[in-house]
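**Student:** This is the structure, below, for whatever I ask next.
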Amino acid sequence: MDFEKIYGNATEGIKIKFLNAIIKHNSSLKEEFVNFYQSREDNVHSLLYNDYLKVVSDVQAGYKHQFESVDLENPNWDNYHPPHSGYIEEWEAYRCASEQEFNIIFDQFCSKAVNTIIKQRPDELIAMLTGLYEATQDAEVPDEVCSFDDVNEHLLAEHKNTLDAIVEKLRLSALPENKIFTTFDLFFRYCAEEYPGNAYFTAHFEPLLIVLAEKSDKAGDLLGFLDQWNIEKSTLPELTLFLTKKAGNNTEWLRAALQFYRTSVPAAKELLQYYFETNKAAFVETAKNLFSSNNYLWAEFLQQYITPQLDKELFVTVFWTLTVTKREIEHYLKMRKYLAESDINRLLEEIKWEKVFVVKILEVEKRYNDIKALVENNNEIWHLADMISPILTVYPRFCFEHIKNKAISTLQNERGRHVYERIALWIKLTEQIPGFETEKQELVKQLYNHKPNLPALKDEMRKAGVVR
């Protein structure tokens, strides 16, 4: 479903009818609509800078106290919920109990933040998030039992999770332009005065700033706040690219993309998409440069763009990487016809520990004798069925004897339902081997009537359909 196209073609009457239908029965939407309507008036109160500072200070002090009230040596066991029903080490229980206490604090903050969104107060929201951020870094929480590698790092990670959750809530909200302007101005002024040159602090809030920017029709003006408060645009590459593109300044967008793409994955992806549409040679050159820095990351992205016609070498490199990392035969098949036999052997050597996947490639290449050798030299039981299946009809005598001997020797050395399940699977496979009907029946009878009696083995053989 193409929402943008359908919504763009819908008449204003249809949109209003839909709005009226859903808003009448939703109290939150009603409140949000009232606040949105009222906040569009120019005289509606917005935070002044001193107000902003007070919100930051109050939230920082309040949540710093709450974080420091969590006793890691004596967590609240009354409200503790084990993460699973199995055995839990003592240190893990202490950590989980403490994490759950911290989570309650962050959940309480989230509830207050959602109310702030409903009330159309993004300026207050970002001040609250700033105060919470500072509380995570300023809190002094003794950890004598070493529940965490670093308590403050854990709290900061939870702040990031909280920020991401709030961003999704904010994405569904309607915000007036004047409130977005105030929020940008206050936040960047705070960055300039309290965190000058601190790239990490500014970047931490980038997802929130982008969502706010998405709701504005004056991207160029928002971009101006970065210049006004001397905010390095390199600390906010995604926001900068979004605003320059939305403002329609293609020259500035390209300049920014070329500046940021080596250090920002989203910027690099945007640049590649742009070059793919406008300059295929630049696309290939840029892709090769990026690929050398992180082949796993870029193989995943480039597979939807690269073709042999565009650049055969890069095409093979991308799908070689995907073949090795994903171990999916479809990736191998895409590049297969561009590989020499020596290339295939080199690939097989690179993935030799992944025996089942090696067999899949050997089956494509019809190298059945190599599969037979792998089966002969494989001592573990877990992947025998996957490895031997391709040669059941190619080497029937070998396969039947190998399965028979493997089943008997495994029963002599191992016990357990999981072992019996494997044996039953192997015996079921013999039905695909042509001939040896008498030998098959004798093998089934021998295993089913094993002495000592093995009821679980009989049960697995019945489940597999080997006996009825």
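Residue names in the structure tokens use chain letters A, B, ... in the order shown, residue numbers from 1 in each chain, and ligand numbers from 1 in the order shown.
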Could you pull out the helix (DSSP H, G or I) residues of range 133-163 of chain A, going by DSSP on the backbone, and write them as a ChimeraX atom specification?
**Tutor:** /A:133-138,151-163
**Student:** Selected residues, C-alpha atoms, written as a CSV table (one decimal), in the first residue's frame, please.
**Tutor:**
chain,number,residue,atom,x,y,z
A,133,TYR,CA,20.6,12.7,30.7
A,134,GLU,CA,22.6,14.7,33.2
A,135,ALA,CA,21.1,12.6,36.1
A,136,THR,CA,22.4,9.4,34.4
A,137,GLN,CA,25.9,10.9,34.3
A,138,ASP,CA,25.9,12.7,37.7
A,151,VAL,CA,26.4,1.9,36.4
A,152,ASN,CA,26.4,5.3,34.7
A,153,GLU,CA,27.0,3.7,31.3
A,154,HIS,CA,24.0,1.4,32.0
A,155,LEU,CA,21.8,4.4,32.9
A,156,LEU,CA,22.9,6.2,29.8
A,157,ALA,CA,22.0,3.2,27.6
A,158,GLU,CA,18.6,3.2,29.3
A,159,HIS,CA,18.3,6.9,28.5
A,160,LYS,CA,18.9,6.1,24.9
A,161,ASN,CA,16.2,3.5,25.0
A,162,THR,CA,13.8,5.9,26.7
A,163,LEU,CA,14.6,8.6,24.1
**Student:** List as a VMD selection string the protein and nucleic acid residues near Lys428 in chain A, meaning an atom at most 10 Å away when only C-alpha atoms are counted, but skip any in the same chain fewer than 5 places from it.
**Tutor:** chain A and resid 385 422 to 423 433 440 444 461 464 to 467
**Student:** Nearest to Glu101 in chain A: which of A:Val114, A:Pro455, A:Gln66, A:Glu177 is it, counting only C-alpha atoms?
**Tutor:**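 Among the listed residues, the smallest separation from Glu101 in chain A belongs to A:Gln66.
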**Student:** Identify which of the residues A:Lys280, A:Arg417, A:Lys404, A:Arg367 lies closest to Glu439 in chain A, counting only C-alpha atoms when measuring atom-to-atom distances.
**Tutor:**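 Among A:Lys280, A:Arg417, A:Lys404, A:Arg367, it is A:Lys404 that comes nearest to Glu439 in chain A.
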**Student:** For Glu140 in chain A, which residue out of A:Phe67, A:Phe276, A:Phe109, A:Trp426 is the nearest one, using only C-alpha atoms?
**Tutor:**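 Nearest to Glu140 in chain A: A:Phe67.
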**Student:** For range 51-63 of chain A, find every residue with an atom within 12 Å (counting only C-alpha atoms), except residues of its own chain fewer than 4 positions away, and show them as a PyMOL selection string.
**Tutor:** chain A and resi 45-47+67-70+102+104-106+108-109+112-113+121-140+155+159+182-183+185-191+193-194
**Student:** At a cut-off of 12 Å, can you tabulate as a Markdown table every residue of range 381-407 of chain A near range 338-361 of chain A together with its closest atom pair and the distance in Å to one decimal, using only C-alpha atoms and ordering rows by chain then number?
**Tutor:**
| residue | atom | partner | partner_atom | distance |
| --- | --- | --- | --- | --- |
| A:Trp382 | CA | A:Val356 | CA | 10.3 |
| A:His383 | CA | A:Val356 | CA | 6.8 |
| A:Leu384 | CA | A:Val356 | CA | 8.7 |
| A:Ala385 | CA | A:Val356 | CA | 9.5 |
| A:Asp386 | CA | A:Val356 | CA | 6.4 |
| A:Met387 | CA | A:Val356 | CA | 5.8 |
| A:Ile388 | CA | A:Val359 | CA | 8.7 |
| A:Ser389 | CA | A:Val359 | CA | 9.6 |
| A:Pro390 | CA | A:Val359 | CA | 8.2 |
| A:Ile391 | CA | A:Val359 | CA | 10.1 |
**Student:** Quote the spacing between CA of Trp77 in chain A and CA of His65 in chain A in Å to one decimal place.
**Tutor:** 20.4 Å
**Student:** Select, from A:Leu411, A:Pro176, A:Leu290, A:Asn449, the residue with the minimum atom-to-atom distance to Glu214 in chain A, counting only C-alpha atoms.
**Tutor:**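 So, comparing all the options, the nearest one is A:Pro176.
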**Student:** What is the CA of Ala299 in chain A to CA of Tyr275 in chain A distance in Å?
**Tutor:**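 Atom-to-atom, CA of Ala299 in chain A and CA of Tyr275 in chain A are spaced 17.1 Å apart.
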**Student:** Which one is closest to Tyr261 in chain A: A:Ser85, A:Ser293, A:Glu232, A:Leu454? Count only C-alpha atoms.
**Tutor:** A:Ser293
